file protein14.txt (compact mmCIF, C-alpha atoms)
# COMPACT_ATOMS: atom_id res chain seq x y z
CA MET S 25 -39.68 34.17 13.25
CA MET S 26 -39.41 32.18 10.05
CA ARG S 27 -36.40 34.29 9.08
CA THR S 28 -34.37 33.44 12.18
CA LEU S 29 -35.28 29.79 11.84
CA LEU S 30 -34.12 29.81 8.25
CA VAL S 31 -30.86 31.52 9.18
CA TRP S 32 -30.26 29.00 11.94
CA SER S 33 -30.95 26.03 9.76
CA LEU S 34 -28.54 27.42 7.18
CA VAL S 35 -25.86 27.91 9.83
CA VAL S 36 -26.31 24.35 11.05
CA LEU S 37 -26.37 23.05 7.51
CA LEU S 38 -23.22 24.84 6.42
CA THR S 39 -21.14 24.19 9.53
CA GLY S 40 -21.57 20.52 8.77
CA CYS S 41 -19.42 21.05 5.72
CA SER S 42 -16.59 22.85 7.44
CA SER S 43 -13.66 20.62 8.11
CA SER S 44 -11.80 20.40 11.41
CA LEU S 45 -8.54 19.77 9.56
CA PRO S 46 -5.98 22.56 9.56
CA SER S 47 -6.64 24.87 6.68
CA PRO S 48 -4.47 24.05 3.67
CA HIS S 49 -3.80 27.71 3.04
CA PRO S 50 -3.05 29.35 6.35
CA ILE S 51 -0.68 31.82 4.73
CA LEU S 52 -1.99 34.81 2.84
CA GLY S 53 -1.34 34.57 -0.88
CA GLY S 54 -0.92 30.80 -0.84
CA GLN S 55 1.90 28.90 0.74
CA PRO S 56 5.41 28.96 -0.74
CA SER S 57 6.68 25.78 -2.35
CA PRO S 58 9.91 24.11 -1.14
CA GLY S 59 11.62 25.26 -4.32
CA GLN S 60 10.61 28.89 -3.74
CA ILE S 61 11.87 28.77 -0.16
CA LEU S 62 15.21 27.27 -1.18
CA ALA S 63 15.59 29.83 -3.97
CA GLY S 64 15.42 32.52 -1.30
CA GLY S 65 11.93 33.67 -2.12
CA ARG S 66 9.25 33.98 0.49
CA ARG S 67 10.20 32.32 3.77
CA PRO S 68 7.47 31.07 6.05
CA VAL S 69 7.71 32.13 9.68
CA PRO S 70 9.11 29.43 11.96
CA ARG S 71 6.48 26.87 12.98
CA ALA S 72 4.11 27.95 10.21
CA LEU S 73 1.72 25.15 9.37
CA LEU S 74 2.28 23.95 5.80
CA THR S 75 0.77 21.21 3.67
CA TRP S 76 3.04 19.81 1.00
CA GLY S 77 2.91 16.67 -1.08
CA GLY S 78 4.92 14.67 -3.54
CA THR S 79 6.62 11.34 -4.02
CA VAL S 80 8.87 9.56 -1.53
CA GLN S 81 12.58 9.63 -2.46
CA ALA S 82 14.24 8.30 0.69
CA VAL S 83 13.31 7.06 4.15
CA TYR S 84 15.47 6.72 7.23
CA ASN S 85 14.42 5.43 10.63
CA ARG S 86 16.06 7.04 13.62
CA ARG S 87 15.61 5.71 17.12
CA ASP S 88 12.70 8.00 17.90
CA ALA S 89 11.71 9.50 14.54
CA THR S 90 11.38 8.75 10.84
CA LEU S 91 12.89 11.01 8.18
CA VAL S 92 11.37 11.13 4.71
CA GLU S 93 12.68 13.01 1.69
CA VAL S 94 9.96 14.03 -0.74
CA LEU S 95 10.03 15.29 -4.32
CA SER S 96 7.40 17.99 -4.18
CA TYR S 97 4.49 18.42 -6.57
CA PRO S 98 1.59 20.86 -6.51
CA LEU S 99 -1.52 19.62 -4.71
CA ASP S 100 -4.96 19.34 -6.20
CA ARG S 101 -8.10 20.38 -4.33
CA SER S 102 -8.23 17.11 -2.41
CA GLN S 103 -4.61 17.61 -1.26
CA HIS S 104 -3.41 14.87 -3.58
CA PRO S 105 -0.03 15.56 -5.25
CA ILE S 106 -0.27 16.02 -9.03
CA VAL S 107 2.62 13.72 -9.93
CA GLY S 108 2.46 14.48 -13.65
CA ALA S 109 3.00 18.19 -13.07
CA GLU S 110 6.32 20.01 -12.87
CA SER S 111 8.07 19.38 -9.57
CA THR S 112 8.12 22.25 -7.09
CA GLY S 113 11.36 21.23 -5.39
CA ARG S 114 12.28 18.86 -2.60
CA PHE S 115 11.69 18.84 1.11
CA ALA S 116 12.32 16.68 4.14
CA VAL S 117 9.88 15.74 6.84
CA GLU S 118 10.55 14.39 10.29
CA MET S 119 7.73 12.29 11.77
CA LYS S 120 7.73 11.25 15.42
CA GLY S 121 8.08 7.52 16.04
CA PHE S 122 8.62 4.60 13.71
CA ILE S 123 7.02 4.45 10.27
CA GLU S 124 7.46 1.20 8.35
CA PRO S 125 9.81 2.04 5.46
CA ALA S 126 8.38 -0.81 3.38
CA GLU S 127 5.15 1.20 3.28
CA LEU S 128 7.08 4.16 1.87
CA PRO S 129 8.68 2.81 -1.30
CA ILE S 130 10.34 5.25 -3.68
CA GLY S 131 7.69 6.92 -5.80
CA ARG S 132 4.81 6.55 -3.34
CA PRO S 133 2.68 9.72 -3.29
CA VAL S 134 2.29 11.32 0.14
CA THR S 135 0.78 14.47 1.59
CA VAL S 136 2.31 15.98 4.71
CA THR S 137 1.03 18.62 7.08
CA GLY S 138 3.62 19.96 9.47
CA ARG S 139 5.41 22.89 11.06
CA TYR S 140 8.13 24.65 9.13
CA ALA S 141 11.52 24.10 10.80
CA GLY S 142 13.92 26.01 8.56
CA ILE S 143 16.41 24.75 5.99
CA ALA S 144 18.57 21.83 7.08
CA ARG S 145 20.97 19.21 5.79
CA VAL S 146 19.06 16.17 6.92
CA PRO S 147 21.09 13.10 7.96
CA PHE S 148 19.89 9.89 6.29
CA GLY S 149 22.14 7.39 8.02
CA GLN S 150 25.66 7.70 6.62
CA SER S 151 24.67 10.15 3.91
CA ARG S 152 22.98 13.49 4.24
CA THR S 153 20.89 15.53 1.90
CA GLY S 154 21.69 18.90 0.50
CA PRO S 155 20.00 21.81 2.23
CA LEU S 156 16.25 21.15 2.24
CA PRO S 157 13.25 22.87 3.77
CA LEU S 158 12.30 20.73 6.78
CA LEU S 159 8.85 20.08 8.23
CA LYS S 160 8.17 18.64 11.64
CA GLY S 161 5.35 16.46 10.41
CA GLU S 162 2.07 16.26 12.25
CA ARG S 163 0.18 14.25 9.70
CA LEU S 164 1.40 11.98 6.92
CA GLU S 165 -1.08 10.69 4.41
CA LEU S 166 -0.18 7.85 2.05
CA TRP S 167 -1.76 7.55 -1.36
CA GLU S 168 -1.93 4.56 -3.62
CA MET S 169 1.03 3.89 -5.85
CA PRO S 170 0.35 5.15 -9.37
CA PRO S 171 -0.20 2.23 -11.73
CA ALA S 172 2.88 1.24 -13.70
CA ALA S 173 2.95 2.91 -17.09
CA SER S 174 3.44 -0.40 -18.84
CA ARG S 175 0.13 -1.70 -17.52
CA LYS S 176 -1.77 0.99 -19.36
CA THR S 177 -3.21 -0.46 -22.53
CA PRO S 178 -5.22 1.70 -24.86
CA GLU S 179 -8.84 0.75 -24.64
CA ILE S 180 -11.52 1.62 -27.09
CA HIS S 181 -15.05 1.52 -25.80
CA PHE S 182 -18.09 1.50 -27.90
CA GLY S 183 -21.46 1.86 -26.25
CA ILE S 184 -25.06 2.30 -27.21
CA GLY S 185 -27.51 3.45 -24.58
CA VAL S 186 -31.22 3.97 -24.40
CA GLY S 187 -32.70 6.07 -21.62
CA THR S 188 -36.18 7.18 -20.68
CA GLY S 189 -37.08 10.19 -18.58
CA GLY S 190 -40.71 11.00 -18.01
CA SER S 191 -42.32 10.96 -21.43
CA ASN S 192 -39.05 11.35 -23.28
CA VAL S 193 -36.94 8.58 -24.71
CA GLY S 194 -33.33 9.14 -25.71
CA VAL S 195 -30.86 7.06 -27.62
CA GLY S 196 -27.15 7.67 -27.38
CA ILE S 197 -24.06 6.29 -28.97
CA GLY S 198 -20.75 6.70 -27.24
CA LEU S 199 -17.20 5.96 -28.25
CA MET B 29 -10.91 -50.72 -22.94
CA VAL B 30 -13.33 -48.16 -21.64
CA ARG B 31 -11.92 -48.46 -18.14
CA PRO B 32 -8.39 -47.10 -18.82
CA ILE B 33 -9.74 -44.25 -20.88
CA LEU B 34 -12.09 -43.26 -18.10
CA LEU B 35 -9.24 -43.50 -15.61
CA LEU B 36 -7.01 -41.35 -17.78
CA PHE B 37 -9.79 -38.84 -18.21
CA LEU B 38 -10.29 -38.64 -14.47
CA VAL B 39 -6.57 -38.24 -13.85
CA VAL B 40 -6.40 -35.38 -16.32
CA LEU B 41 -9.53 -33.83 -14.86
CA PHE B 42 -8.35 -33.87 -11.26
CA SER B 43 -4.69 -33.15 -11.72
CA GLY B 44 -5.75 -29.67 -12.72
CA CYS B 45 -7.14 -29.19 -9.24
CA ALA B 46 -4.14 -30.53 -7.36
CA SER B 47 -2.47 -27.77 -5.42
CA GLN B 48 1.21 -27.57 -4.64
CA VAL B 49 0.48 -25.56 -1.55
CA PRO B 50 1.09 -27.68 1.56
CA PRO B 51 -2.08 -28.37 3.56
CA ALA B 52 -0.60 -26.71 6.64
CA ILE B 53 -0.36 -23.47 4.66
CA ARG B 54 -3.81 -23.80 3.08
CA LEU B 55 -5.58 -24.36 6.39
CA ALA B 56 -5.68 -21.90 9.25
CA VAL B 57 -3.97 -23.22 12.37
CA GLY B 58 -4.21 -22.38 16.04
CA GLU B 59 -5.30 -18.99 17.21
CA SER B 60 -4.72 -15.92 15.14
CA LEU B 61 -2.04 -13.93 16.93
CA SER B 62 -0.75 -10.62 15.59
CA VAL B 63 2.87 -9.46 15.56
CA ALA B 64 1.92 -6.71 18.00
CA GLN B 65 0.45 -9.26 20.44
CA VAL B 66 3.65 -11.33 20.34
CA GLN B 67 5.80 -8.21 20.79
CA GLY B 68 3.72 -7.43 23.87
CA ASP B 69 4.01 -10.92 25.36
CA PRO B 70 6.95 -12.84 23.85
CA GLY B 71 7.17 -15.26 26.78
CA GLY B 72 3.49 -16.14 26.96
CA THR B 73 3.21 -16.77 23.24
CA ARG B 74 6.37 -18.88 22.94
CA GLY B 75 5.63 -22.30 21.45
CA LYS B 76 2.27 -21.26 20.00
CA VAL B 77 1.72 -22.17 16.37
CA VAL B 78 0.97 -19.39 13.88
CA ARG B 79 0.34 -19.18 10.17
CA TRP B 80 1.80 -15.89 9.03
CA GLY B 81 2.58 -14.52 5.62
CA GLY B 82 3.46 -11.40 3.74
CA GLU B 83 6.11 -9.64 1.73
CA ILE B 84 9.76 -10.70 1.89
CA LEU B 85 12.01 -7.80 2.92
CA ARG B 86 15.43 -9.41 3.32
CA VAL B 87 17.32 -12.62 4.08
CA ILE B 88 19.98 -12.87 6.77
CA ASN B 89 22.09 -16.03 6.52
CA HIS B 90 23.61 -17.36 9.74
CA ARG B 91 26.05 -20.24 10.06
CA ASP B 92 23.38 -22.94 10.34
CA SER B 93 20.11 -21.10 10.02
CA SER B 94 18.60 -18.40 7.85
CA ASP B 95 16.28 -15.58 8.85
CA VAL B 96 13.81 -14.28 6.30
CA VAL B 97 12.41 -10.91 7.39
CA VAL B 98 8.77 -10.65 6.33
CA LEU B 99 6.34 -7.73 6.42
CA ARG B 100 3.16 -9.36 7.66
CA ARG B 101 0.04 -8.99 5.53
CA PRO B 102 -3.45 -10.41 5.94
CA LEU B 103 -4.02 -13.79 4.28
CA PHE B 104 -6.72 -14.97 1.92
CA ASN B 105 -8.54 -18.10 3.11
CA ASP B 106 -6.10 -20.37 1.26
CA GLY B 107 -3.10 -18.81 3.00
CA GLU B 108 -2.02 -16.51 0.18
CA PRO B 109 -0.90 -13.08 1.44
CA LYS B 110 -2.82 -10.07 0.23
CA PRO B 111 -0.60 -7.49 -1.45
CA GLU B 112 -1.34 -4.78 1.10
CA GLY B 113 -3.17 -3.81 4.27
CA GLY B 114 -3.19 -5.36 7.72
CA GLU B 115 -0.85 -4.48 10.56
CA ALA B 116 2.22 -4.36 8.24
CA LYS B 117 4.62 -5.32 11.02
CA ARG B 118 7.79 -7.36 10.67
CA PHE B 119 8.58 -10.89 11.77
CA VAL B 120 11.41 -13.33 11.21
CA ALA B 121 10.79 -16.70 9.54
CA ARG B 122 13.69 -18.79 10.83
CA PHE B 123 14.72 -21.69 8.59
CA THR B 124 17.23 -24.34 9.59
CA GLY B 125 20.12 -24.44 7.17
CA PHE B 126 20.70 -22.27 4.17
CA VAL B 127 18.06 -20.25 2.37
CA ASP B 128 19.13 -18.72 -0.92
CA PRO B 129 18.59 -14.96 -0.94
CA ALA B 130 18.34 -15.16 -4.73
CA ALA B 131 15.24 -17.34 -4.37
CA PHE B 132 13.72 -15.36 -1.50
CA ARG B 133 13.91 -12.02 -3.22
CA ARG B 134 12.66 -8.77 -1.76
CA GLY B 135 9.02 -8.23 -2.70
CA GLY B 136 8.23 -11.93 -3.05
CA ARG B 137 5.36 -13.36 -1.04
CA LEU B 138 5.85 -16.05 1.59
CA THR B 139 3.53 -17.87 3.99
CA VAL B 140 4.95 -19.95 6.84
CA THR B 141 3.62 -22.01 9.73
CA GLY B 142 5.57 -22.87 12.81
CA LYS B 143 6.08 -22.25 16.49
CA LEU B 144 6.80 -18.85 17.94
CA ASP B 145 10.19 -18.53 19.58
CA GLY B 146 10.49 -15.17 21.28
CA LEU B 147 11.78 -11.92 19.80
CA GLU B 148 14.88 -11.00 17.82
CA ILE B 149 15.91 -7.38 17.75
CA ILE B 150 17.11 -6.34 14.31
CA GLU B 151 17.78 -2.69 13.59
CA VAL B 152 15.84 -0.88 10.90
CA GLY B 153 18.01 2.16 10.28
CA GLU B 154 18.77 3.06 13.89
CA TYR B 155 15.49 1.78 15.25
CA PRO B 156 15.74 -1.42 17.33
CA TYR B 157 12.80 -3.39 15.97
CA PRO B 158 11.63 -6.42 17.95
CA HIS B 159 10.83 -9.15 15.40
CA PRO B 160 8.82 -12.17 16.58
CA VAL B 161 10.59 -15.36 15.46
CA VAL B 162 8.69 -18.21 13.81
CA ARG B 163 10.54 -21.52 13.55
CA VAL B 164 9.42 -22.60 10.11
CA ALA B 165 7.73 -26.00 9.89
CA GLU B 166 6.07 -25.52 6.49
CA TYR B 167 6.30 -22.74 3.99
CA TYR B 168 5.15 -21.72 0.54
CA ARG B 169 6.45 -19.05 -1.80
CA TRP B 170 3.64 -17.55 -3.86
CA PRO B 171 3.93 -16.50 -7.47
CA LYS B 172 4.08 -12.82 -8.30
CA TRP B 173 0.91 -10.98 -7.45
CA GLU B 174 -1.14 -10.13 -10.48
CA PRO B 175 -4.28 -8.17 -9.86
CA VAL B 176 -7.26 -9.52 -11.73
CA PRO B 177 -8.24 -6.81 -14.21
CA GLU B 178 -11.68 -5.49 -13.53
CA PRO B 179 -14.07 -6.53 -16.28
CA PRO B 180 -15.30 -3.44 -18.11
CA TRP B 181 -18.98 -4.10 -17.43
CA HIS B 182 -18.34 -3.54 -13.72
CA ARG B 183 -17.58 0.07 -14.45
CA ASP B 184 -19.75 0.75 -17.44
CA PRO B 185 -23.40 -0.21 -17.25
CA PHE B 186 -23.80 0.33 -20.98
CA TYR B 187 -20.72 -1.66 -21.87
CA CYS B 188 -21.13 -3.59 -25.03
CA ASP B 189 -18.48 -5.34 -27.04
CA PRO B 190 -19.54 -5.22 -30.69
CA LEU B 191 -17.07 -7.95 -31.57
CA TRP B 192 -18.75 -10.42 -29.26
CA PRO B 193 -18.25 -13.36 -29.19
CA TRP B 194 -14.85 -12.82 -30.84
CA GLY B 195 -13.76 -9.85 -28.72
CA ARG B 196 -11.47 -9.77 -25.75
CA TYR B 197 -14.28 -10.29 -23.28
CA SER B 198 -16.20 -12.78 -25.32
CA TRP B 199 -16.78 -15.05 -22.35
CA GLY B 200 -19.27 -14.11 -19.70
CA TYR B 201 -21.11 -11.24 -21.31
CA PRO B 202 -24.15 -12.68 -22.98
CA TYR B 203 -26.27 -9.55 -23.20
CA CYS B 204 -24.58 -7.92 -26.11
CA TRP B 205 -26.45 -6.99 -29.22

call {"tool": "encode", "arguments": {"input": "protein14.txt", "output": "structure tokens"}}
result
Amino acid sequence: MMRTLLVWSLVVLLTGCSSSLPSPHPILGGQPSPGQILAGGRRPVPRALLTWGGTVQAVYNRRDATLVEVLSYPLDRSQHPIVGAESTGRFAVEMKGFIEPAELPIGRPVTVTGRYAGIARVPFGQSRTGPLPLLKGERLELWEMPPAASRKTPEIHFGIGVGTGGSNVGVGIGL
Amino acid sequence: MVRPILLLFLVVLFSGCASQVPPAIRLAVGESLSVAQVQGDPGGTRGKVVRWGGEILRVINHRDSSDVVVLRRPLFNDGEPKPEGGEAKRFVARFTGFVDPAAFRRGGRLTVTGKLDGLEIIEVGEYPYPHPVVRVAEYYRWPKWEPVPEPPWHRDPFYCDPLWPWGRYSWGYPYCW
């Protein structure tokens, strides 16, 4: 009796942690990067659900959709693009409807989940991109702009702390 | 003799407080309509007074008027636009006469008050975007946004500046030893 109760409580407890978001790794062996796809490596099946991220390079508003070109970077565990890392290629995403381009300035980090729609030369107004892997975006997440490099000033901290825990007292010096 | 000195002192004291921001910009006016509400009912909102502000996107000069396209942002109490957030929708601030695009640069912050005057469709890419038009009665261009750096003791409960009171944060942190 206790056993089943325990099992049930564990099930309830753990399901609370499972996310309803589409799994970031629906493809066995990890998902291919845009660069790998373009280089003729592993191709995802059409309409495969992919999550890619990077920084915005160009935006174009069509009548019924918004096109975004993204410089791809690997994602960390919270799906945030690691902008300092080596780029993993470029891709284009087509989102339904109008997205304010002023909210997508060049360099803004984004994460996109969408369906793979092959390799296409995507028209950005008068110009068009080279062949790029294209996603039909289902979800576009905007991240904060990285702080300008010039604003970073080296800071030296010097701290002294005293802490008590139970009967123990500790003193620490930090730099 | 004491009188003029006192007067001078008072003038110096209070001139520091004088704001160049017009009162109509500093004080909230009328009802707070959103761009989306005006887009939904351009006729019914015509003539209503709004105080809107945000980020300048572009200037379009006509023969005898100038349209400044603004991305609307929420305002602080004194009328200054916040750097981000809000509905982030576009409107047109219509000035009579010429407005210099070199002065109203992209990314600058502008707050205007004036009466609503219907919608103007301006294309963004290929998208026909209905911009509510505000006939500008008063306006103010804000200086460049500079975020106030967070004082280090907000982040670090054990923060202590050994150079106090000569260090960078000498003011306002009296607990240092």

call {"tool": "atom_distance", "arguments": {"input": "protein14.txt", "atom1": "CA of Asp92 (chain B)", "atom2": "CA of Ala121 (chain B)"}}
result
14.1 Å

call {"tool": "residues_around", "arguments": {"input": "protein14.txt", "residues": "Arg122 (chain B)", "least_positions_apart": "4", "cutoff": "12 Å", "atoms": "only C-alpha atoms", "output": "MDAnalysis selection string"}}
result
chainID B and resid 87:90 92:98 126:127 140:148 159:167

call {"tool": "residues_around", "arguments": {"input": "protein14.txt", "residues": "Lys120 (chain S)", "least_positions_apart": "5", "cutoff": "10 Å", "atoms": "all atoms listed in the file", "output": "list in words"}}
result
Arg86, Arg87, Asp88, Ala89, Thr90, Leu91, Lys160, Gly161, Glu162 and Arg163 of chain S

call {"tool": "residues_around", "arguments": {"input": "protein14.txt", "residues": "Ala64 (chain B)", "least_positions_apart": "6", "cutoff": "10 Å", "atoms": "only C-alpha atoms", "output": "PyMOL selection string"}}
result
chain B and resi 70+115+117-118+158-160

call {"tool": "write_last_selection", "arguments": {"input": "protein14.txt", "atoms": "C-alpha atoms", "output": "tab-separated table (two decimals), in the coordinates of the input"}}
result
chain	number	residue	atom	x	y	z
B	70	PRO	CA	6.95	-12.84	23.85
B	115	GLU	CA	-0.85	-4.48	10.56
B	117	LYS	CA	4.62	-5.32	11.02
B	118	ARG	CA	7.79	-7.36	10.67
B	158	PRO	CA	11.63	-6.42	17.95
B	159	HIS	CA	10.83	-9.15	15.40
B	160	PRO	CA	8.82	-12.17	16.58

call {"tool": "atom_distance", "arguments": {"input": "protein14.txt", "atom1": "CA of Pro102 (chain B)", "atom2": "CA of Ala116 (chain B)"}}
result
8.6 Å

call {"tool": "atom_distance", "arguments": {"input": "protein14.txt", "atom1": "CA of Pro56 (chain S)", "atom2": "CA of Gly131 (chain S)"}}
result
22.7 Å

call {"tool": "build_atoms", "arguments": {"input": "protein14.txt", "residues": "region 102-123 of chain B", "atoms": "N, CA and C atoms", "output": "PDB file, in the coordinates of the input"}}
result
ATOM      1  N   PRO B 102      -2.340  -9.474   5.732  1.00  0.00           N
ATOM      2  CA  PRO B 102      -3.450 -10.410   5.940  1.00  0.00           C
ATOM      3  C   PRO B 102      -3.446 -11.498   4.869  1.00  0.00           C
ATOM      4  N   LEU B 103      -4.014 -12.663   5.208  1.00  0.00           N
ATOM      5  CA  LEU B 103      -4.020 -13.790   4.280  1.00  0.00           C
ATOM      6  C   LEU B 103      -5.417 -13.997   3.710  1.00  0.00           C
ATOM      7  N   PHE B 104      -5.470 -14.429   2.457  1.00  0.00           N
ATOM      8  CA  PHE B 104      -6.720 -14.970   1.920  1.00  0.00           C
ATOM      9  C   PHE B 104      -6.986 -16.293   2.626  1.00  0.00           C
ATOM     10  N   ASN B 105      -8.171 -16.859   2.428  1.00  0.00           N
ATOM     11  CA  ASN B 105      -8.540 -18.100   3.110  1.00  0.00           C
ATOM     12  C   ASN B 105      -7.567 -19.231   2.824  1.00  0.00           C
ATOM     13  N   ASP B 106      -6.998 -19.257   1.613  1.00  0.00           N
ATOM     14  CA  ASP B 106      -6.100 -20.370   1.260  1.00  0.00           C
ATOM     15  C   ASP B 106      -4.665 -20.108   1.689  1.00  0.00           C
ATOM     16  N   GLY B 107      -4.444 -19.055   2.477  1.00  0.00           N
ATOM     17  CA  GLY B 107      -3.100 -18.810   3.000  1.00  0.00           C
ATOM     18  C   GLY B 107      -2.271 -17.859   2.167  1.00  0.00           C
ATOM     19  N   GLU B 108      -2.782 -17.432   1.034  1.00  0.00           N
ATOM     20  CA  GLU B 108      -2.020 -16.510   0.180  1.00  0.00           C
ATOM     21  C   GLU B 108      -2.070 -15.095   0.764  1.00  0.00           C
ATOM     22  N   PRO B 109      -0.902 -14.445   0.886  1.00  0.00           N
ATOM     23  CA  PRO B 109      -0.900 -13.080   1.440  1.00  0.00           C
ATOM     24  C   PRO B 109      -1.522 -12.082   0.478  1.00  0.00           C
ATOM     25  N   LYS B 110      -2.312 -11.174   1.032  1.00  0.00           N
ATOM     26  CA  LYS B 110      -2.820 -10.070   0.230  1.00  0.00           C
ATOM     27  C   LYS B 110      -1.675  -9.108  -0.035  1.00  0.00           C
ATOM     28  N   PRO B 111      -1.741  -8.345  -1.116  1.00  0.00           N
ATOM     29  CA  PRO B 111      -0.600  -7.490  -1.450  1.00  0.00           C
ATOM     30  C   PRO B 111      -0.433  -6.293  -0.521  1.00  0.00           C
ATOM     31  N   GLU B 112      -1.488  -5.929   0.203  1.00  0.00           N
ATOM     32  CA  GLU B 112      -1.340  -4.780   1.100  1.00  0.00           C
ATOM     33  C   GLU B 112      -2.336  -4.853   2.238  1.00  0.00           C
ATOM     34  N   GLY B 113      -2.248  -3.884   3.152  1.00  0.00           N
ATOM     35  CA  GLY B 113      -3.170  -3.810   4.270  1.00  0.00           C
ATOM     36  C   GLY B 113      -2.663  -4.533   5.499  1.00  0.00           C
ATOM     37  N   GLY B 114      -3.534  -4.660   6.496  1.00  0.00           N
ATOM     38  CA  GLY B 114      -3.190  -5.360   7.720  1.00  0.00           C
ATOM     39  C   GLY B 114      -2.272  -4.554   8.626  1.00  0.00           C
ATOM     40  N   GLU B 115      -1.658  -5.223   9.591  1.00  0.00           N
ATOM     41  CA  GLU B 115      -0.850  -4.480  10.560  1.00  0.00           C
ATOM     42  C   GLU B 115       0.492  -4.054   9.971  1.00  0.00           C
ATOM     43  N   ALA B 116       0.965  -4.733   8.913  1.00  0.00           N
ATOM     44  CA  ALA B 116       2.220  -4.360   8.240  1.00  0.00           C
ATOM     45  C   ALA B 116       3.377  -4.272   9.222  1.00  0.00           C
ATOM     46  N   LYS B 117       3.483  -5.260  10.104  1.00  0.00           N
ATOM     47  CA  LYS B 117       4.620  -5.320  11.020  1.00  0.00           C
ATOM     48  C   LYS B 117       5.520  -6.491  10.639  1.00  0.00           C
ATOM     49  N   ARG B 118       6.776  -6.402  11.118  1.00  0.00           N
ATOM     50  CA  ARG B 118       7.790  -7.360  10.670  1.00  0.00           C
ATOM     51  C   ARG B 118       7.890  -8.580  11.587  1.00  0.00           C
ATOM     52  N   PHE B 119       8.194  -9.722  10.981  1.00  0.00           N
ATOM     53  CA  PHE B 119       8.580 -10.890  11.770  1.00  0.00           C
ATOM     54  C   PHE B 119       9.696 -11.621  11.045  1.00  0.00           C
ATOM     55  N   VAL B 120      10.318 -12.537  11.776  1.00  0.00           N
ATOM     56  CA  VAL B 120      11.410 -13.330  11.210  1.00  0.00           C
ATOM     57  C   VAL B 120      10.929 -14.761  11.030  1.00  0.00           C
ATOM     58  N   ALA B 121      11.036 -15.276   9.802  1.00  0.00           N
ATOM     59  CA  ALA B 121      10.790 -16.700   9.540  1.00  0.00           C
ATOM     60  C   ALA B 121      12.151 -17.382   9.596  1.00  0.00           C
ATOM     61  N   ARG B 122      12.359 -18.194  10.634  1.00  0.00           N
ATOM     62  CA  ARG B 122      13.690 -18.790  10.830  1.00  0.00           C
ATOM     63  C   ARG B 122      13.704 -20.205  10.256  1.00  0.00           C
ATOM     64  N   PHE B 123      14.552 -20.393   9.234  1.00  0.00           N
ATOM     65  CA  PHE B 123      14.720 -21.690   8.590  1.00  0.00           C
ATOM     66  C   PHE B 123      15.983 -22.337   9.137  1.00  0.00           C
TER      67      PHE B 123
END
